[in-house]
There are 2 protein chains.
Amino acid sequence: MFHEGFVQPLDQKTADELRDRARIGRGSVLTATSLAASGHPGGSLSSMEMYTLLFHCAKLRPQEPRWDARDRIVVSHGHTSPGVYAALSSAGFFDREEFVAHFRQARSPFEGHVERSVPGVEWSTGNLGQGLSAGVGFALGARMTGLGWHTFVAMSDGEQHKGQVAEARRLAVKEGLVDLTVVIDMNGIQISGSTDDVMPVRVAEDFAADGWHVIGVDGHDIEALHAAITKAVADTSAPVAIVAHTVIGKGVSFMEGEPEFHGRGLKPEEYDRAMGELGLEPELEAARARRSHPISTEPLDHQTPALSVKSGEPRTYGVDDLSDNRGAWGKALVDIANTNPDIPMAVLDCDLAVSVKTDGFRDAHPTGFVQCGVGEHNAATVGGALSTCGVLTFWSDFGMFACDEVYNQQRLNDINGAALKVALTHCGIDVGEDGKTHQALDYVGAFREFFGWKAIVPADPNQTDRAVRAMAMMQGNVAIAMGRSKLPVILDSEGNPAFGEGYQFEYGKIDRVRAGNDICVLVMGTPSGAAVEAADRLRSAGVSATVGIVSSPLHLDDDFMRKAARACRVLTVEDHNVRTGLGASVAEWMALKGEAVRLARLGITSYQPSGAAAHLAAHNELDADGIERAMRKLMGQKC
Amino acid sequence: MFHEGFVQPLDQKTADELRDRARIGRGSVLTATSLAASGHPGGSLSSMEMYTLLFHCAKLRPQEPRWDARDRIVVSHGHTSPGVYAALSSAGFFDREEFVAHFRQARSPFEGHVERSVPGVEWSTGNLGQGLSAGVGFALGARMTGLGWHTFVAMSDGEQHKGQVAEARRLAVKEGLVDLTVVIDMNGIQISGSTDDVMPVRVAEDFAADGWHVIGVDGHDIEALHAAITKAVADTSAPVAIVAHTVIGKGVSFMEGEPEFHGRGLKPEEYDRAMGELGLEPELEAARARRSHPISTEPLDHQTPALSVKSGEPRTYGVDDLSDNRGAWGKALVDIANTNPDIPMAVLDCDLAVSVKTDGFRDAHPTGFVQCGVGEHNAATVGGALSTCGVLTFWSDFGMFACDEVYNQQRLNDINGAALKVALTHCGIDVGEDGKTHQALDYVGAFREFFGWKAIVPADPNQTDRAVRAMAMMQGNVAIAMGRSKLPVILDSEGNPAFGEGYQFEYGKIDRVRAGNDICVLVMGTPSGAAVEAADRLRSAGVSATVGIVSSPLHLDDDFMRKAARACRVLTVEDHNVRTGLGASVAEWMALKGEAVRLARLGITSYQPSGAAAHLAAHNELDADGIERAMRKLMGQKC
């Protein structure tokens, strides 16, 4: 089906106008990069016709840049930002002179790499090879929302070597994303020289081998490129890659084909000469004058708003219900889907659905289930982009794969203000026999690096159930981490489920499940039950301990912490690297408040062997015996 | 050239013997996984002939498993560990009954995923898709050491979707690594079902498209597989991929073709029936009895020993030499190469040599320079494996790419006890106009997650020069992190370079460049000069400050820290996430020692915009003015 009302035939007048836009755009690129004395003019010039045409052809509303049915254009080679800004300004998204004057200036939205807060930019990029995955995410969004937009991805040739591109390519074909078009700027030059010398990649062959349709075209020929885009959009049998043969530095004789202009602006005499060749008036001085004035272009909010999700009825696990947190997560996930039939919902999997308990969702809601195969980098970015489209997006994977393996992709989801909900399962030494390569011991530390992510580590199936429902309603990227083993239900001092009826999950709250004055145990996740048991044993021995369950280790609860400091003896317990998880948060809190407490920390201090989880826990003092020993030792310290 | 003395023709007797080994190996796999009640029998059975033949054909000395000229065999799908152990035991590396009895038992070397401490295992894997990169590293090692071994990589089909595989494939061809053979177990099944359903990958076409020679073969036919390996080894025009068509669960009727046996051991009645089909006596009870006895197989040391590197003559930068740390790094690197002509040395690049200052090495020692293109995941693993071969291996890249993007690969290098030396450049907001996607604000925090990595953050070109030379001599994986800008030479209180003549870099030492009692400033990296300047300004105002340069933020100097605590007012300064870098280390130290100090921390608390580095530093209070303000504020606090 031809994309309705889309890509009109190109008449001579329009073609001429577009050529002129590209010419003026080239001048803008040169002025902006010369003024900033940095930036990437070479690729911006080779991509100029691509950008000019894409922002012309796509269904967009420059005055309503977040119109929900708009086509999505992802620029994967984000360093060609001046080219993108030039094309966006010529398409009416903002004032050209604003971008030219304030390019790469601190506090300007016109950053060195394209930023989602710029009107018309859909995805912040800069780290290469991720844009196609974002495009796949947007294309899935078009299908899942029913809004049916077309997704375009612009890429460079140098980034084709990145493996994530291959992962994205295959998922696009497997999912039948025919409303996805890629345009590749084949200028043949990367930083270190010719792509054929630096790293030969058979771009057209690779796309074709993976099932894409491929169109070759002169990337500077407006009519030919327009025809290729038209053909690609009309193609309803496969996603299409347009291989656009271009010249780096195109339009300026002494820049053409020269690698050095990949990343440097022009010197004054070069600038004047270049502008002359383009038939444009130099405007460097005017732009410089304007640079000292405040910028007036309003950046868009790059945070994805929360969806109006209903939590559904929580499930309560009783004292005899031995369940694992991942089981509780899987059940809550299905509940959320059933409770919110009007909200499009996606669950991504990387070939582990049964282990990570998304098989229930898969069977009940197959159209929302996206099998990404063993391709986590792609899955992480696909999920991030999809989550910005009004689709409630979950991804579940072993902690090792959804955090460690895709660390930078999750960071980029943060920068993009995405709203991905990630369930990390099999975290910690609780992964058991799978051993060190599979031990995610660092997820709290990793998410601490990303300024926007929230991380939740529930203590038992009841808290997991409530936290998952809360997470679905929360704004932004949220991770929930859990182990592998079945866990005891945490009981309050009356013997009722501590996180059962009447409990509501609150991000940042520490839950007191035992009260006492002699010592405070702060525990996170898997060893929570053991910590409660240890405290109960010591209570019989006349030691009164507070036990605080810390489900939000990145955002401690000041009220609770003040009381903990008063107890003077503080023990932290976690199945996590002891230097970067809960122990780090508590140490930070104490040091910054100038509190001198007797602090001891139980956790993991080296990679652990492959073995039964209970055995490993005991070996690392994370069972009730070990925690009891640590508490007794702390009690021996003076306060 | 045929690999001399290698891969003898296969006579009938040997073929029969190998078939028998495979049959017994299958039984061992079943016993081990049934006893452990976990593990991956399905793929172990489909890979059994591959493993039996590889460990038979390769030039190996079972009694001397680290013989330096041995062929390298990498098993990329590390979960098939029982199959690998079975083949290794039949090849004489260790006692079969030991592995069968102690498989997946805590403290046994026979872990759930193959571990480099097992004799015959070259590279610990488990996270899929990385083994081919390790193989490329080993193949480069064969060339660079001149020892000319052959490298074999065994892979699964499910992991072919991982993008890193494509990156490795291309580098192998570009580098002409003809002594590299891959054998792929095409059993057609992954966890979630058929590979064709989960994620179709055109494996043979992909290898062929990237320039490999491809041989298809029945992976259970000993003679055919032997012939394929012989042909692959003899091929001197390209690396070869053997696509071995196999059946998951091969050899046991009810396991064949069944995805469920990917990851579960057999129940007792299944076990007996399977052993019967294989013509083997059940041995579960004997193995169970043995499991309770101590294991006698000695694990190998998995740490790569340090090389006897000479540091060469340090370079001293004077007060007028405005240089960037990365420039000093590049010069020291060339010095090291020139000073150690007898040590094979490699420098890896991902298309950034000029920026990361490895172009000097590239021009002087082109045979040691490996251009990996924009493929950081592959580069990280290649570098790790290569560093275990007696090749002094460096990789330099922007911090964002050599740390964030390859977080898990660096973690695997840690688990493997590799000895990769990584220079992270352009770290922090000092990356300037490249903006948030390029801001590595987390490298100290990241390396804190990996229990073995050391991280060095030098303060100026002099300290960089000495630290780089020291790093080359250090054992294990070491990262050195630096910014982008030119930096002032740090002077001692007499006005001489603090890290010049007479200074020797010592890992873990904090260097006092100013002494005082009123306040202690602990500073790391780029803002060091500004901190000294701020302290000097305050000295004129009658405040005496200690300034400690912390070049090893993960391993604080207890002596120095005790004195710092005595100063009572402590300020940390870093161009890094303030929650995870130096500030985290100092907070941890104070909290664990129960020291109540007035601690303030300057650093980065959110992604920063694209802008001039100096502007960003000022905005984040990391210039001398900002540090002075923070010091004055702290001075206003009671102690």
# chains A, B, ... in the order shown; residues from 1 in each chain; ligands from 1
call {"tool": "closest_atom_pairs", "arguments": {"of": "chain B", "to": "chain A", "cutoff": "7 Å", "atoms": "only C-alpha atoms", "output": "JSON lines"}}
result
{"residue": "B:Arg104", "atom": "CA", "partner": "A:Gly611", "partner_atom": "CA", "distance": 5.4}
{"residue": "B:Gln105", "atom": "CA", "partner": "A:Gly611", "partner_atom": "CA", "distance": 4.7}
{"residue": "B:Ala106", "atom": "CA", "partner": "A:Gly611", "partner_atom": "CA", "distance": 4.0}
{"residue": "B:Arg107", "atom": "CA", "partner": "A:Pro609", "partner_atom": "CA", "distance": 6.2}
{"residue": "B:Glu111", "atom": "CA", "partner": "A:Ser610", "partner_atom": "CA", "distance": 5.2}
{"residue": "B:Gly112", "atom": "CA", "partner": "A:Asp434", "partner_atom": "CA", "distance": 4.9}
{"residue": "B:His113", "atom": "CA", "partner": "A:Asp434", "partner_atom": "CA", "distance": 6.4}
{"residue": "B:Thr125", "atom": "CA", "partner": "A:Thr437", "partner_atom": "CA", "distance": 6.8}
{"residue": "B:Gly126", "atom": "CA", "partner": "A:Thr437", "partner_atom": "CA", "distance": 5.6}
{"residue": "B:Asn127", "atom": "CA", "partner": "A:Thr437", "partner_atom": "CA", "distance": 6.4}
{"residue": "B:Gly158", "atom": "CA", "partner": "A:Val374", "partner_atom": "CA", "distance": 6.9}
{"residue": "B:Glu159", "atom": "CA", "partner": "A:Val374", "partner_atom": "CA", "distance": 6.1}
{"residue": "B:His161", "atom": "CA", "partner": "A:Val374", "partner_atom": "CA", "distance": 6.0}
{"residue": "B:Lys162", "atom": "CA", "partner": "A:Gly375", "partner_atom": "CA", "distance": 5.1}
{"residue": "B:Gly163", "atom": "CA", "partner": "A:Gly163", "partner_atom": "CA", "distance": 3.4}
{"residue": "B:Gln164", "atom": "CA", "partner": "A:Gly163", "partner_atom": "CA", "distance": 5.0}
{"residue": "B:Ala166", "atom": "CA", "partner": "A:Gly163", "partner_atom": "CA", "distance": 5.8}
{"residue": "B:Glu167", "atom": "CA", "partner": "A:Gly163", "partner_atom": "CA", "distance": 5.7}
{"residue": "B:Lys174", "atom": "CA", "partner": "A:Met199", "partner_atom": "CA", "distance": 6.9}
{"residue": "B:Ile191", "atom": "CA", "partner": "A:Asp351", "partner_atom": "CA", "distance": 6.0}
{"residue": "B:Ser192", "atom": "CA", "partner": "A:Asp351", "partner_atom": "CA", "distance": 5.4}
{"residue": "B:Val198", "atom": "CA", "partner": "A:Gly373", "partner_atom": "CA", "distance": 5.8}
{"residue": "B:Met199", "atom": "CA", "partner": "A:Gly373", "partner_atom": "CA", "distance": 5.3}
{"residue": "B:Glu205", "atom": "CA", "partner": "A:Ala209", "partner_atom": "CA", "distance": 7.0}
{"residue": "B:Ala209", "atom": "CA", "partner": "A:Glu205", "partner_atom": "CA", "distance": 7.0}
{"residue": "B:Asp351", "atom": "CA", "partner": "A:Ser192", "partner_atom": "CA", "distance": 5.5}
{"residue": "B:Leu352", "atom": "CA", "partner": "A:Ile191", "partner_atom": "CA", "distance": 6.7}
{"residue": "B:Gln371", "atom": "CA", "partner": "A:Val198", "partner_atom": "CA", "distance": 6.5}
{"residue": "B:Gly373", "atom": "CA", "partner": "A:Met199", "partner_atom": "CA", "distance": 5.4}
{"residue": "B:Val374", "atom": "CA", "partner": "A:His161", "partner_atom": "CA", "distance": 6.0}
{"residue": "B:Gly375", "atom": "CA", "partner": "A:Lys162", "partner_atom": "CA", "distance": 5.1}
{"residue": "B:Asp404", "atom": "CA", "partner": "A:Asn408", "partner_atom": "CA", "distance": 5.2}
{"residue": "B:Glu405", "atom": "CA", "partner": "A:Asn408", "partner_atom": "CA", "distance": 4.9}
{"residue": "B:Tyr407", "atom": "CA", "partner": "A:Asp404", "partner_atom": "CA", "distance": 6.3}
{"residue": "B:Asn408", "atom": "CA", "partner": "A:Glu405", "partner_atom": "CA", "distance": 4.9}
{"residue": "B:Glu433", "atom": "CA", "partner": "A:Gly112", "partner_atom": "CA", "distance": 5.6}
{"residue": "B:Asp434", "atom": "CA", "partner": "A:Gly112", "partner_atom": "CA", "distance": 4.9}
{"residue": "B:Gly435", "atom": "CA", "partner": "A:Gly112", "partner_atom": "CA", "distance": 6.0}
{"residue": "B:Thr437", "atom": "CA", "partner": "A:Gly126", "partner_atom": "CA", "distance": 5.6}
{"residue": "B:Asp442", "atom": "CA", "partner": "A:Glu449", "partner_atom": "CA", "distance": 6.0}
{"residue": "B:Glu449", "atom": "CA", "partner": "A:Asp442", "partner_atom": "CA", "distance": 6.0}
{"residue": "B:Phe451", "atom": "CA", "partner": "A:Ser606", "partner_atom": "CA", "distance": 5.7}
{"residue": "B:Asn577", "atom": "CA", "partner": "A:Glu449", "partner_atom": "CA", "distance": 6.9}
{"residue": "B:Ala584", "atom": "CA", "partner": "A:Glu588", "partner_atom": "CA", "distance": 6.6}
{"residue": "B:Ala587", "atom": "CA", "partner": "A:Ala591", "partner_atom": "CA", "distance": 5.1}
{"residue": "B:Glu588", "atom": "CA", "partner": "A:Ala587", "partner_atom": "CA", "distance": 5.2}
{"residue": "B:Met590", "atom": "CA", "partner": "A:Ala591", "partner_atom": "CA", "distance": 6.1}
{"residue": "B:Ala591", "atom": "CA", "partner": "A:Ala587", "partner_atom": "CA", "distance": 5.2}
{"residue": "B:Leu592", "atom": "CA", "partner": "A:Leu599", "partner_atom": "CA", "distance": 5.7}
{"residue": "B:Gly594", "atom": "CA", "partner": "A:Ala596", "partner_atom": "CA", "distance": 4.5}
{"residue": "B:Glu595", "atom": "CA", "partner": "A:Ala596", "partner_atom": "CA", "distance": 5.3}
{"residue": "B:Ala596", "atom": "CA", "partner": "A:Gly594", "partner_atom": "CA", "distance": 4.5}
{"residue": "B:Val597", "atom": "CA", "partner": "A:Gly594", "partner_atom": "CA", "distance": 5.3}
{"residue": "B:Arg598", "atom": "CA", "partner": "A:Gly594", "partner_atom": "CA", "distance": 5.9}
{"residue": "B:Leu599", "atom": "CA", "partner": "A:Leu592", "partner_atom": "CA", "distance": 5.7}
{"residue": "B:Ser606", "atom": "CA", "partner": "A:Phe451", "partner_atom": "CA", "distance": 5.7}
{"residue": "B:Pro609", "atom": "CA", "partner": "A:Ala106", "partner_atom": "CA", "distance": 5.8}
{"residue": "B:Ser610", "atom": "CA", "partner": "A:Glu111", "partner_atom": "CA", "distance": 5.2}
{"residue": "B:Gly611", "atom": "CA", "partner": "A:Ala106", "partner_atom": "CA", "distance": 4.0}
{"residue": "B:Ala612", "atom": "CA", "partner": "A:Ala106", "partner_atom": "CA", "distance": 6.8}
call {"tool": "residues_around", "arguments": {"residues": "A:Ala224", "least_positions_apart": "5", "cutoff": "12 Å", "atoms": "only C-alpha atoms", "output": "PDB file with N, CA, C and O atoms, in the first residue's frame"}}
result
ATOM      1  N   PRO A   9       4.731  13.529  -6.480  1.00  0.00           N
ATOM      2  CA  PRO A   9       5.693  13.563  -7.601  1.00  0.00           C
ATOM      3  C   PRO A   9       6.485  14.864  -7.536  1.00  0.00           C
ATOM      4  O   PRO A   9       5.994  15.889  -7.047  1.00  0.00           O
ATOM      5  N   LEU A  10       7.695  14.802  -8.015  1.00  0.00           N
ATOM      6  CA  LEU A  10       8.588  15.955  -7.889  1.00  0.00           C
ATOM      7  C   LEU A  10       8.544  16.778  -9.178  1.00  0.00           C
ATOM      8  O   LEU A  10       9.025  16.340 -10.221  1.00  0.00           O
ATOM      9  N   ALA A  15      11.883  20.645  -7.372  1.00  0.00           N
ATOM     10  CA  ALA A  15      13.249  20.118  -7.435  1.00  0.00           C
ATOM     11  C   ALA A  15      14.255  21.255  -7.339  1.00  0.00           C
ATOM     12  O   ALA A  15      15.242  21.182  -6.599  1.00  0.00           O
ATOM     13  N   GLU A  49      21.680  16.381   0.597  1.00  0.00           N
ATOM     14  CA  GLU A  49      20.478  16.087  -0.220  1.00  0.00           C
ATOM     15  C   GLU A  49      19.577  15.073   0.492  1.00  0.00           C
ATOM     16  O   GLU A  49      18.348  15.186   0.435  1.00  0.00           O
ATOM     17  N   MET A  50      20.194  14.102   1.133  1.00  0.00           N
ATOM     18  CA  MET A  50      19.408  13.131   1.905  1.00  0.00           C
ATOM     19  C   MET A  50      18.524  13.843   2.921  1.00  0.00           C
ATOM     20  O   MET A  50      17.315  13.602   3.007  1.00  0.00           O
ATOM     21  N   LEU A  53      15.794  16.129   1.411  1.00  0.00           N
ATOM     22  CA  LEU A  53      14.666  15.370   0.868  1.00  0.00           C
ATOM     23  C   LEU A  53      13.857  14.674   1.953  1.00  0.00           C
ATOM     24  O   LEU A  53      12.628  14.648   1.901  1.00  0.00           O
ATOM     25  N   ILE A 215      18.290  -0.251  -3.061  1.00  0.00           N
ATOM     26  CA  ILE A 215      18.264   0.645  -4.220  1.00  0.00           C
ATOM     27  C   ILE A 215      19.549   1.461  -4.197  1.00  0.00           C
ATOM     28  O   ILE A 215      19.864   2.097  -3.188  1.00  0.00           O
ATOM     29  N   GLY A 216      20.281   1.446  -5.282  1.00  0.00           N
ATOM     30  CA  GLY A 216      21.476   2.283  -5.379  1.00  0.00           C
ATOM     31  C   GLY A 216      21.135   3.586  -6.085  1.00  0.00           C
ATOM     32  O   GLY A 216      20.302   3.598  -6.995  1.00  0.00           O
ATOM     33  N   VAL A 217      21.754   4.679  -5.666  1.00  0.00           N
ATOM     34  CA  VAL A 217      21.379   5.968  -6.247  1.00  0.00           C
ATOM     35  C   VAL A 217      22.513   6.972  -6.040  1.00  0.00           C
ATOM     36  O   VAL A 217      23.329   6.818  -5.131  1.00  0.00           O
ATOM     37  N   ASP A 218      22.549   7.970  -6.908  1.00  0.00           N
ATOM     38  CA  ASP A 218      23.470   9.094  -6.705  1.00  0.00           C
ATOM     39  C   ASP A 218      22.859   9.964  -5.599  1.00  0.00           C
ATOM     40  O   ASP A 218      21.802  10.563  -5.779  1.00  0.00           O
ATOM     41  N   GLY A 219      23.542  10.039  -4.501  1.00  0.00           N
ATOM     42  CA  GLY A 219      22.978  10.716  -3.335  1.00  0.00           C
ATOM     43  C   GLY A 219      22.966  12.224  -3.432  1.00  0.00           C
ATOM     44  O   GLY A 219      22.511  12.893  -2.491  1.00  0.00           O
ATOM     45  N   ILE A 229      13.334   7.293  -2.819  1.00  0.00           N
ATOM     46  CA  ILE A 229      12.536   7.365  -1.582  1.00  0.00           C
ATOM     47  C   ILE A 229      11.086   6.984  -1.885  1.00  0.00           C
ATOM     48  O   ILE A 229      10.444   6.231  -1.146  1.00  0.00           O
ATOM     49  N   THR A 230      10.578   7.489  -3.004  1.00  0.00           N
ATOM     50  CA  THR A 230       9.204   7.173  -3.399  1.00  0.00           C
ATOM     51  C   THR A 230       9.030   5.668  -3.564  1.00  0.00           C
ATOM     52  O   THR A 230       8.062   5.068  -3.089  1.00  0.00           O
ATOM     53  N   LYS A 231      10.006   5.072  -4.237  1.00  0.00           N
ATOM     54  CA  LYS A 231       9.947   3.629  -4.483  1.00  0.00           C
ATOM     55  C   LYS A 231      10.030   2.853  -3.157  1.00  0.00           C
ATOM     56  O   LYS A 231       9.316   1.860  -2.952  1.00  0.00           O
ATOM     57  N   ILE A 242      18.341   2.395   0.868  1.00  0.00           N
ATOM     58  CA  ILE A 242      18.799   3.205  -0.259  1.00  0.00           C
ATOM     59  C   ILE A 242      20.276   3.486  -0.051  1.00  0.00           C
ATOM     60  O   ILE A 242      20.662   4.123   0.930  1.00  0.00           O
ATOM     61  N   VAL A 243      21.085   2.957  -0.937  1.00  0.00           N
ATOM     62  CA  VAL A 243      22.521   3.152  -0.841  1.00  0.00           C
ATOM     63  C   VAL A 243      22.860   4.376  -1.691  1.00  0.00           C
ATOM     64  O   VAL A 243      22.842   4.313  -2.917  1.00  0.00           O
ATOM     65  N   ALA A 244      23.093   5.471  -1.011  1.00  0.00           N
ATOM     66  CA  ALA A 244      23.271   6.754  -1.697  1.00  0.00           C
ATOM     67  C   ALA A 244      24.755   7.049  -1.866  1.00  0.00           C
ATOM     68  O   ALA A 244      25.457   7.302  -0.891  1.00  0.00           O
ATOM     69  N   HIS A 245      25.218   6.987  -3.078  1.00  0.00           N
ATOM     70  CA  HIS A 245      26.639   7.244  -3.342  1.00  0.00           C
ATOM     71  C   HIS A 245      26.876   8.747  -3.352  1.00  0.00           C
ATOM     72  O   HIS A 245      26.221   9.486  -4.089  1.00  0.00           O
TER      73      HIS A 245
END
call {"tool": "select_by_dssp", "arguments": {"residues": "stretch 425-523 of chain A", "states": "strand (DSSP E)", "output": "PyMOL selection string"}}
result
chain A and resi 425+454-456+478-481+486-487+510-514+519-523
call {"tool": "residues_around", "arguments": {"residues": "stretch 484-495 of chain B", "least_positions_apart": "5", "cutoff": "8 Å", "atoms": "only C-alpha atoms", "output": "list of chain:residue names"}}
result
B:Tyr317, B:Gly318, B:Val319, B:Asp321, B:Leu322, B:Ser323, B:Asp324, B:Asn325, B:Arg326, B:Thr425, B:His426, B:Cys427, B:Asp430, B:Val431, B:Ala459, B:Asp460, B:Pro461, B:Asn462, B:Val513, B:Arg514, B:Thr526, B:Ser528, B:Gly529, B:Val532, B:Ala613
call {"tool": "write_last_selection", "arguments": {"atoms": "N, CA and C atoms", "output": "compact mmCIF listing (two decimals), in the first residue's frame"}}
result
# COMPACT_ATOMS: atom_id res chain seq x y z
N TYR B 317 57.74 17.39 31.15
CA TYR B 317 57.13 18.57 30.54
C TYR B 317 57.31 19.73 31.51
N GLY B 318 57.88 20.80 31.00
CA GLY B 318 58.15 21.96 31.85
C GLY B 318 56.93 22.86 31.97
N VAL B 319 57.08 23.86 32.78
CA VAL B 319 55.96 24.73 33.08
C VAL B 319 55.40 25.43 31.84
N ASP B 321 55.40 24.03 28.82
CA ASP B 321 54.92 23.05 27.84
C ASP B 321 53.45 22.77 28.04
N LEU B 322 52.62 23.49 27.35
CA LEU B 322 51.19 23.20 27.46
C LEU B 322 50.93 21.95 26.61
N SER B 323 50.57 20.88 27.27
CA SER B 323 50.30 19.65 26.53
C SER B 323 49.04 19.01 27.07
N ASP B 324 48.45 18.14 26.27
CA ASP B 324 47.33 17.37 26.79
C ASP B 324 47.86 16.02 27.26
N ASN B 325 47.16 15.41 28.18
CA ASN B 325 47.60 14.11 28.68
C ASN B 325 47.64 13.09 27.55
N ARG B 326 46.70 13.21 26.61
CA ARG B 326 46.69 12.21 25.55
C ARG B 326 47.93 12.34 24.67
N THR B 425 40.58 8.23 26.35
CA THR B 425 40.79 9.67 26.15
C THR B 425 39.43 10.38 26.08
N HIS B 426 39.48 11.71 26.09
CA HIS B 426 38.27 12.52 25.94
C HIS B 426 37.24 12.21 27.02
N CYS B 427 37.71 11.88 28.22
CA CYS B 427 36.78 11.56 29.31
C CYS B 427 36.18 12.83 29.91
N ASP B 430 35.18 17.31 29.80
CA ASP B 430 36.31 17.85 29.05
C ASP B 430 36.25 17.44 27.58
N VAL B 431 35.36 16.51 27.23
CA VAL B 431 35.17 16.17 25.82
C VAL B 431 34.59 17.37 25.07
N ALA B 459 47.11 13.42 36.49
CA ALA B 459 46.74 14.82 36.68
C ALA B 459 47.31 15.74 35.62
N ASP B 460 48.44 15.36 35.06
CA ASP B 460 49.06 16.25 34.07
C ASP B 460 49.94 15.41 33.15
N PRO B 461 50.55 16.04 32.14
CA PRO B 461 51.34 15.26 31.18
C PRO B 461 52.50 14.51 31.84
N ASN B 462 53.12 15.10 32.85
CA ASN B 462 54.22 14.39 33.50
C ASN B 462 53.75 13.13 34.19
N VAL B 513 50.69 17.58 46.86
CA VAL B 513 51.40 18.65 46.15
C VAL B 513 51.31 19.98 46.91
N ARG B 514 50.44 20.04 47.89
CA ARG B 514 50.39 21.18 48.80
C ARG B 514 50.10 20.61 50.19
N THR B 526 41.65 15.84 35.29
CA THR B 526 41.59 17.13 34.61
C THR B 526 41.57 18.35 35.53
N SER B 528 42.87 18.97 38.29
CA SER B 528 43.95 19.03 39.29
C SER B 528 44.63 20.39 39.34
N GLY B 529 44.94 20.92 38.17
CA GLY B 529 45.60 22.22 38.13
C GLY B 529 44.73 23.30 38.75
N VAL B 532 44.86 23.07 42.54
CA VAL B 532 46.10 23.64 43.10
C VAL B 532 46.02 25.16 43.09
N ALA B 613 34.88 23.20 26.69
CA ALA B 613 35.23 22.49 27.93
C ALA B 613 35.40 23.46 29.10
call {"tool": "select_by_dssp", "arguments": {"residues": "stretch 379-608 of chain A", "states": "helix (DSSP H, G or I)", "output": "number ranges by chain"}}
result
A: 379-387, 399-404, 407-415, 429-434, 436-438, 443-449, 461-473, 528-540, 558-567, 582-593
call {"tool": "residues_around", "arguments": {"residues": "stretch 467-469 of chain B", "least_positions_apart": "2", "cutoff": "10 Å", "atoms": "only C-alpha atoms", "output": "ChimeraX atom specification"}}
result
/B:309-314,328-333,335-336,421-423,456-458,461-465,471-474,478-480,504-507,551
call {"tool": "atom_distance", "arguments": {"atom1": "atom CA of B:Gly257", "atom2": "atom CA of B:Met186"}}
result
11.7 Å
call {"tool": "residues_around", "arguments": {"residues": "A:Val523", "least_positions_apart": "2", "cutoff": "7 Å", "atoms": "only C-alpha atoms", "output": "ChimeraX atom specification"}}
result
/A:521,525,528,531,548-550,572-574
call {"tool": "write_last_selection", "arguments": {"atoms": "N, CA, C and O atoms", "output": "compact mmCIF listing (two decimals), in the first residue's frame"}}
result
# COMPACT_ATOMS: atom_id res chain seq x y z
N VAL A 521 19.79 -3.15 60.42
CA VAL A 521 20.18 -3.92 59.24
C VAL A 521 19.42 -3.36 58.04
O VAL A 521 18.19 -3.29 58.07
N GLY A 525 16.83 -6.88 48.32
CA GLY A 525 16.64 -8.01 47.42
C GLY A 525 16.73 -9.39 48.03
O GLY A 525 16.25 -9.62 49.16
N SER A 528 16.85 -10.69 51.79
CA SER A 528 15.98 -10.02 52.76
C SER A 528 15.41 -10.99 53.79
O SER A 528 15.39 -10.70 54.99
N ALA A 531 17.92 -11.93 56.32
CA ALA A 531 18.21 -10.84 57.27
C ALA A 531 17.14 -10.78 58.35
O ALA A 531 17.44 -10.58 59.54
N GLY A 548 15.47 -2.78 57.86
CA GLY A 548 14.90 -1.94 56.83
C GLY A 548 15.09 -2.59 55.48
O GLY A 548 16.21 -2.94 55.12
N ILE A 549 14.00 -2.75 54.75
CA ILE A 549 14.08 -3.32 53.40
C ILE A 549 14.24 -2.16 52.43
O ILE A 549 13.37 -1.29 52.34
N VAL A 550 15.34 -2.15 51.75
CA VAL A 550 15.64 -1.04 50.84
C VAL A 550 15.34 -1.49 49.41
O VAL A 550 16.12 -2.22 48.80
N THR A 572 24.80 -3.41 56.23
CA THR A 572 24.11 -3.52 54.95
C THR A 572 24.31 -4.92 54.39
O THR A 572 25.36 -5.53 54.57
N VAL A 573 23.29 -5.41 53.71
CA VAL A 573 23.30 -6.78 53.19
C VAL A 573 22.75 -6.78 51.76
O VAL A 573 21.65 -6.27 51.52
N GLU A 574 23.51 -7.36 50.85
CA GLU A 574 23.06 -7.36 49.45
C GLU A 574 23.77 -8.44 48.65
O GLU A 574 24.92 -8.76 48.91
